[in-house]
Amino acid sequence: MIKNIIFDLGNVLLSFRPENFLSRYTNDSELIKKFISNVIRSRIWLKLDRGIIPMQKARDEFLLRFPENSNLINLFFEHWIEMLTPIEKNIEVLRDLKKNGYQLYILSNFIEEAFSYVSKKYEFFSLFDGGIISYRVHIIKPEMEIFKELIEKYNLDPEECVFIDDIATFLFKPRKLKMKTIQYLPNTDLREELRNLNINI
Ligand SMILES: [Mg+2]
């Protein structure tokens with residue numbers, strides 16, 4: 001029987017669409033593509049998720065590497081955190097799960113400055129019973145240790161857990177541990193997927 005529901009944040013509970021965000025500042029789609037691969041898909045960004053460098057240092061590093069994009073880099077770093085807004089239909093699911101007695105956890109790759117902003121701004125964070133955020137433990141998904149960290153910290157039985165993430169490759173490790181998993185994509189009916197696992201929702 002499932003007792004614990006574990007949520008990723010980005011694109012499950014909080015929208016993270018850098019393409020849309022960047023298109024407010026430029027209509028050069030090649031530049032947007034380049035920016036995403038140079039910045040958001042970079043090793044430096046992973047260091048931010050892992051909590052081993054501060055955001056200011058990452059920004060300086062990007063400015064040094066891509067001086068030709070300095071305007072966009074500065075705009076991005078000043079405003080990107082604001083694009084993290086709740087996906088309301090899933091917040092509703094989260095509230096109903098809480099009402100129905102499930103334990104709720106976060107398991108997310110997230111940057112310290114951004115987590116501090118969203119966790120203060122959005123009250124749904126008070127619904128969680130706990131969680132592991134990558135920057136705090138210096139471990140990132142898909143590393144096995146981050147899943148084990150959650151299980152051990154809260155003494156969870158993986159067979160009583162379902163883990164929800166938008167990225168398919170982040171679901172392999174929890175499945176190895178015998179957790180149930182749901183890949184959440186924009187047109188996924190999360191309520192329906194949970195019901196398919198006999199969850200009361
Ligand atoms: Mg995500």
# chains A, B, ... in the order shown; residues from 1 in each chain; ligands from 1
$ residues_around --residues "Leu185 of chain A" --least-positions-apart "4" --cutoff "9 Å" --atoms "only C-alpha atoms" --output "PyMOL selection string"
chain A and resi 11-12+165-167+189
$ write_last_selection --atoms "N, CA and C atoms" --output "PDB file, in the first residue's frame"
ATOM      1  N   ASN A  11       8.774  21.704 -12.970  1.00  0.00           N
ATOM      2  CA  ASN A  11       7.852  21.173 -13.976  1.00  0.00           C
ATOM      3  C   ASN A  11       6.971  20.028 -13.486  1.00  0.00           C
ATOM      4  N   VAL A  12       6.878  19.913 -12.158  1.00  0.00           N
ATOM      5  CA  VAL A  12       5.845  19.064 -11.552  1.00  0.00           C
ATOM      6  C   VAL A  12       4.962  19.952 -10.658  1.00  0.00           C
ATOM      7  N   ASP A 165       8.265  12.610 -11.236  1.00  0.00           N
ATOM      8  CA  ASP A 165       9.266  13.508 -11.829  1.00  0.00           C
ATOM      9  C   ASP A 165       8.947  13.678 -13.303  1.00  0.00           C
ATOM     10  N   ASP A 166       9.359  14.801 -13.883  1.00  0.00           N
ATOM     11  CA  ASP A 166       9.123  15.013 -15.323  1.00  0.00           C
ATOM     12  C   ASP A 166      10.213  14.375 -16.176  1.00  0.00           C
ATOM     13  N   ILE A 167      11.357  14.061 -15.583  1.00  0.00           N
ATOM     14  CA  ILE A 167      12.487  13.563 -16.383  1.00  0.00           C
ATOM     15  C   ILE A 167      12.600  12.040 -16.256  1.00  0.00           C
ATOM     16  N   ASP A 189      -2.504  13.402 -16.706  1.00  0.00           N
ATOM     17  CA  ASP A 189      -3.542  13.591 -15.686  1.00  0.00           C
ATOM     18  C   ASP A 189      -3.015  12.950 -14.400  1.00  0.00           C
TER      19      ASP A 189
END
$ residues_around --residues "segment 97-113 of chain A" --least-positions-apart "2" --cutoff "7 Å" --atoms "only C-alpha atoms" --output "list of chain:residue names"
A:Lys3, A:Asn4, A:Ile5, A:Ile6, A:Phe7, A:Asp8, A:Leu9, A:Leu48, A:Asp49, A:Gly51, A:Val93, A:Leu94, A:Arg95, A:Phe115, A:Ser116, A:Tyr117, A:Leu127, A:Phe128, A:Asp129, A:Gly130, A:Gly131, A:Ile132, A:Ile133, A:Ser134, A:Tyr135, A:Ile140, A:Lys141, A:Asn200, A:Ile201
$ write_last_selection --atoms "N, CA and C atoms" --output "PDB file, in the first residue's frame"
ATOM      1  N   LYS A   3       1.945   4.862   0.974  1.00  0.00           N
ATOM      2  CA  LYS A   3       1.715   5.809   2.072  1.00  0.00           C
ATOM      3  C   LYS A   3       2.399   7.153   1.831  1.00  0.00           C
ATOM      4  N   ASN A   4       3.450   7.123   1.003  1.00  0.00           N
ATOM      5  CA  ASN A   4       4.291   8.309   0.826  1.00  0.00           C
ATOM      6  C   ASN A   4       4.326   8.737  -0.637  1.00  0.00           C
ATOM      7  N   ILE A   5       4.078  10.013  -0.874  1.00  0.00           N
ATOM      8  CA  ILE A   5       4.132  10.543  -2.237  1.00  0.00           C
ATOM      9  C   ILE A   5       5.286  11.545  -2.298  1.00  0.00           C
ATOM     10  N   ILE A   6       6.212  11.282  -3.220  1.00  0.00           N
ATOM     11  CA  ILE A   6       7.435  12.086  -3.294  1.00  0.00           C
ATOM     12  C   ILE A   6       7.403  12.900  -4.585  1.00  0.00           C
ATOM     13  N   PHE A   7       7.561  14.206  -4.450  1.00  0.00           N
ATOM     14  CA  PHE A   7       7.438  15.108  -5.604  1.00  0.00           C
ATOM     15  C   PHE A   7       8.765  15.745  -5.980  1.00  0.00           C
ATOM     16  N   ASP A   8       9.041  15.757  -7.281  1.00  0.00           N
ATOM     17  CA  ASP A   8      10.018  16.675  -7.857  1.00  0.00           C
ATOM     18  C   ASP A   8       9.355  18.059  -7.843  1.00  0.00           C
ATOM     19  N   LEU A   9      10.147  19.130  -7.917  1.00  0.00           N
ATOM     20  CA  LEU A   9       9.554  20.472  -7.974  1.00  0.00           C
ATOM     21  C   LEU A   9       9.444  20.987  -9.413  1.00  0.00           C
ATOM     22  N   LEU A  48      25.631  24.468  -9.213  1.00  0.00           N
ATOM     23  CA  LEU A  48      24.649  25.247  -8.441  1.00  0.00           C
ATOM     24  C   LEU A  48      23.651  24.304  -7.772  1.00  0.00           C
ATOM     25  N   ASP A  49      23.129  23.362  -8.564  1.00  0.00           N
ATOM     26  CA  ASP A  49      22.195  22.368  -8.016  1.00  0.00           C
ATOM     27  C   ASP A  49      22.840  21.595  -6.867  1.00  0.00           C
ATOM     28  N   GLY A  51      25.003  22.642  -4.910  1.00  0.00           N
ATOM     29  CA  GLY A  51      25.285  23.519  -3.775  1.00  0.00           C
ATOM     30  C   GLY A  51      26.754  23.673  -3.476  1.00  0.00           C
ATOM     31  N   VAL A  93      -3.902  18.706  -6.297  1.00  0.00           N
ATOM     32  CA  VAL A  93      -3.699  17.278  -6.041  1.00  0.00           C
ATOM     33  C   VAL A  93      -2.911  17.096  -4.737  1.00  0.00           C
ATOM     34  N   LEU A  94      -1.903  17.920  -4.577  1.00  0.00           N
ATOM     35  CA  LEU A  94      -1.061  17.865  -3.380  1.00  0.00           C
ATOM     36  C   LEU A  94      -1.919  18.085  -2.114  1.00  0.00           C
ATOM     37  N   ARG A  95      -2.771  19.084  -2.154  1.00  0.00           N
ATOM     38  CA  ARG A  95      -3.654  19.379  -1.005  1.00  0.00           C
ATOM     39  C   ARG A  95      -4.585  18.206  -0.714  1.00  0.00           C
ATOM     40  N   PHE A 115      15.474  28.121  -4.055  1.00  0.00           N
ATOM     41  CA  PHE A 115      14.649  27.405  -3.083  1.00  0.00           C
ATOM     42  C   PHE A 115      14.223  28.335  -1.953  1.00  0.00           C
ATOM     43  N   SER A 116      15.148  29.151  -1.530  1.00  0.00           N
ATOM     44  CA  SER A 116      14.858  30.087  -0.457  1.00  0.00           C
ATOM     45  C   SER A 116      13.722  31.029  -0.895  1.00  0.00           C
ATOM     46  N   TYR A 117      13.759  31.465  -2.136  1.00  0.00           N
ATOM     47  CA  TYR A 117      12.711  32.356  -2.673  1.00  0.00           C
ATOM     48  C   TYR A 117      11.358  31.643  -2.739  1.00  0.00           C
ATOM     49  N   LEU A 127       2.794  21.978   3.287  1.00  0.00           N
ATOM     50  CA  LEU A 127       2.096  20.688   3.234  1.00  0.00           C
ATOM     51  C   LEU A 127       3.057  19.493   3.346  1.00  0.00           C
ATOM     52  N   PHE A 128       4.343  19.748   3.126  1.00  0.00           N
ATOM     53  CA  PHE A 128       5.285  18.618   3.085  1.00  0.00           C
ATOM     54  C   PHE A 128       5.698  18.150   4.472  1.00  0.00           C
ATOM     55  N   ASP A 129       5.906  16.855   4.584  1.00  0.00           N
ATOM     56  CA  ASP A 129       6.400  16.259   5.816  1.00  0.00           C
ATOM     57  C   ASP A 129       7.922  16.265   5.864  1.00  0.00           C
ATOM     58  N   GLY A 130       8.532  16.563   4.723  1.00  0.00           N
ATOM     59  CA  GLY A 130       9.993  16.610   4.676  1.00  0.00           C
ATOM     60  C   GLY A 130      10.470  16.575   3.241  1.00  0.00           C
ATOM     61  N   GLY A 131      11.772  16.384   3.089  1.00  0.00           N
ATOM     62  CA  GLY A 131      12.287  16.319   1.720  1.00  0.00           C
ATOM     63  C   GLY A 131      13.790  16.461   1.694  1.00  0.00           C
ATOM     64  N   ILE A 132      14.339  16.181   0.516  1.00  0.00           N
ATOM     65  CA  ILE A 132      15.772  16.344   0.291  1.00  0.00           C
ATOM     66  C   ILE A 132      15.922  17.280  -0.908  1.00  0.00           C
ATOM     67  N   ILE A 133      16.667  18.352  -0.697  1.00  0.00           N
ATOM     68  CA  ILE A 133      16.940  19.302  -1.777  1.00  0.00           C
ATOM     69  C   ILE A 133      18.433  19.195  -2.086  1.00  0.00           C
ATOM     70  N   SER A 134      18.754  19.064  -3.363  1.00  0.00           N
ATOM     71  CA  SER A 134      20.130  18.727  -3.765  1.00  0.00           C
ATOM     72  C   SER A 134      21.196  19.637  -3.149  1.00  0.00           C
ATOM     73  N   TYR A 135      20.950  20.945  -3.154  1.00  0.00           N
ATOM     74  CA  TYR A 135      22.024  21.854  -2.711  1.00  0.00           C
ATOM     75  C   TYR A 135      22.408  21.615  -1.245  1.00  0.00           C
ATOM     76  N   ILE A 140      23.008  15.118  -6.415  1.00  0.00           N
ATOM     77  CA  ILE A 140      21.947  15.479  -7.360  1.00  0.00           C
ATOM     78  C   ILE A 140      21.325  14.218  -7.964  1.00  0.00           C
ATOM     79  N   LYS A 141      20.061  14.339  -8.373  1.00  0.00           N
ATOM     80  CA  LYS A 141      19.467  13.280  -9.192  1.00  0.00           C
ATOM     81  C   LYS A 141      20.236  13.257 -10.505  1.00  0.00           C
ATOM     82  N   ASN A 200      -5.843   6.929  -2.958  1.00  0.00           N
ATOM     83  CA  ASN A 200      -7.136   7.559  -2.697  1.00  0.00           C
ATOM     84  C   ASN A 200      -7.065   9.052  -3.009  1.00  0.00           C
ATOM     85  N   ILE A 201      -7.545   9.430  -4.188  1.00  0.00           N
ATOM     86  CA  ILE A 201      -7.465  10.834  -4.610  1.00  0.00           C
ATOM     87  C   ILE A 201      -8.607  11.131  -5.568  1.00  0.00           C
TER      88      ILE A 201
END
$ closest_residue --among "A:Asn198, A:Glu19, A:Glu68, A:Leu46" --to "Ile139 of chain A" --atoms "only C-alpha atoms"
A:Leu46
$ closest_residue --among "A:Phe16, A:Phe35, A:Phe66, A:Phe172" --to "ligand 1" --atoms "only C-alpha atoms and all ligand atoms"
A:Phe16
$ residues_around --residues "Ala168 of chain A" --least-positions-apart "4" --cutoff "10 Å" --atoms "only C-alpha atoms" --output "PyMOL selection string"
chain A and resi 164+172+181-185
$ write_last_selection --atoms "N, CA and C atoms" --output "PDB file, in the first residue's frame"
ATOM      1  N   ILE A 164       7.311  11.093  -8.269  1.00  0.00           N
ATOM      2  CA  ILE A 164       6.799  11.774  -9.471  1.00  0.00           C
ATOM      3  C   ILE A 164       7.847  12.762  -9.978  1.00  0.00           C
ATOM      4  N   PHE A 172      14.737   5.823 -13.049  1.00  0.00           N
ATOM      5  CA  PHE A 172      15.335   4.475 -13.050  1.00  0.00           C
ATOM      6  C   PHE A 172      15.802   4.045 -11.661  1.00  0.00           C
ATOM      7  N   THR A 181       6.725   4.749  -9.754  1.00  0.00           N
ATOM      8  CA  THR A 181       7.094   6.049 -10.333  1.00  0.00           C
ATOM      9  C   THR A 181       6.024   6.522 -11.318  1.00  0.00           C
ATOM     10  N   ILE A 182       5.942   7.833 -11.449  1.00  0.00           N
ATOM     11  CA  ILE A 182       5.075   8.450 -12.458  1.00  0.00           C
ATOM     12  C   ILE A 182       5.909   9.495 -13.184  1.00  0.00           C
ATOM     13  N   GLN A 183       5.949   9.418 -14.517  1.00  0.00           N
ATOM     14  CA  GLN A 183       6.559  10.518 -15.267  1.00  0.00           C
ATOM     15  C   GLN A 183       5.468  11.544 -15.542  1.00  0.00           C
ATOM     16  N   TYR A 184       5.651  12.738 -15.004  1.00  0.00           N
ATOM     17  CA  TYR A 184       4.651  13.782 -15.192  1.00  0.00           C
ATOM     18  C   TYR A 184       5.046  14.676 -16.370  1.00  0.00           C
ATOM     19  N   LEU A 185       4.219  14.706 -17.389  1.00  0.00           N
ATOM     20  CA  LEU A 185       4.438  15.593 -18.543  1.00  0.00           C
ATOM     21  C   LEU A 185       3.257  16.559 -18.612  1.00  0.00           C
TER      22      LEU A 185
END
$ select_by_dssp --residues "chain A" --states "strand (DSSP E or B)" --output "ChimeraX atom specification"
/A:4-7,10,14-15,85-86,103-108,130-133,161-165,180-183
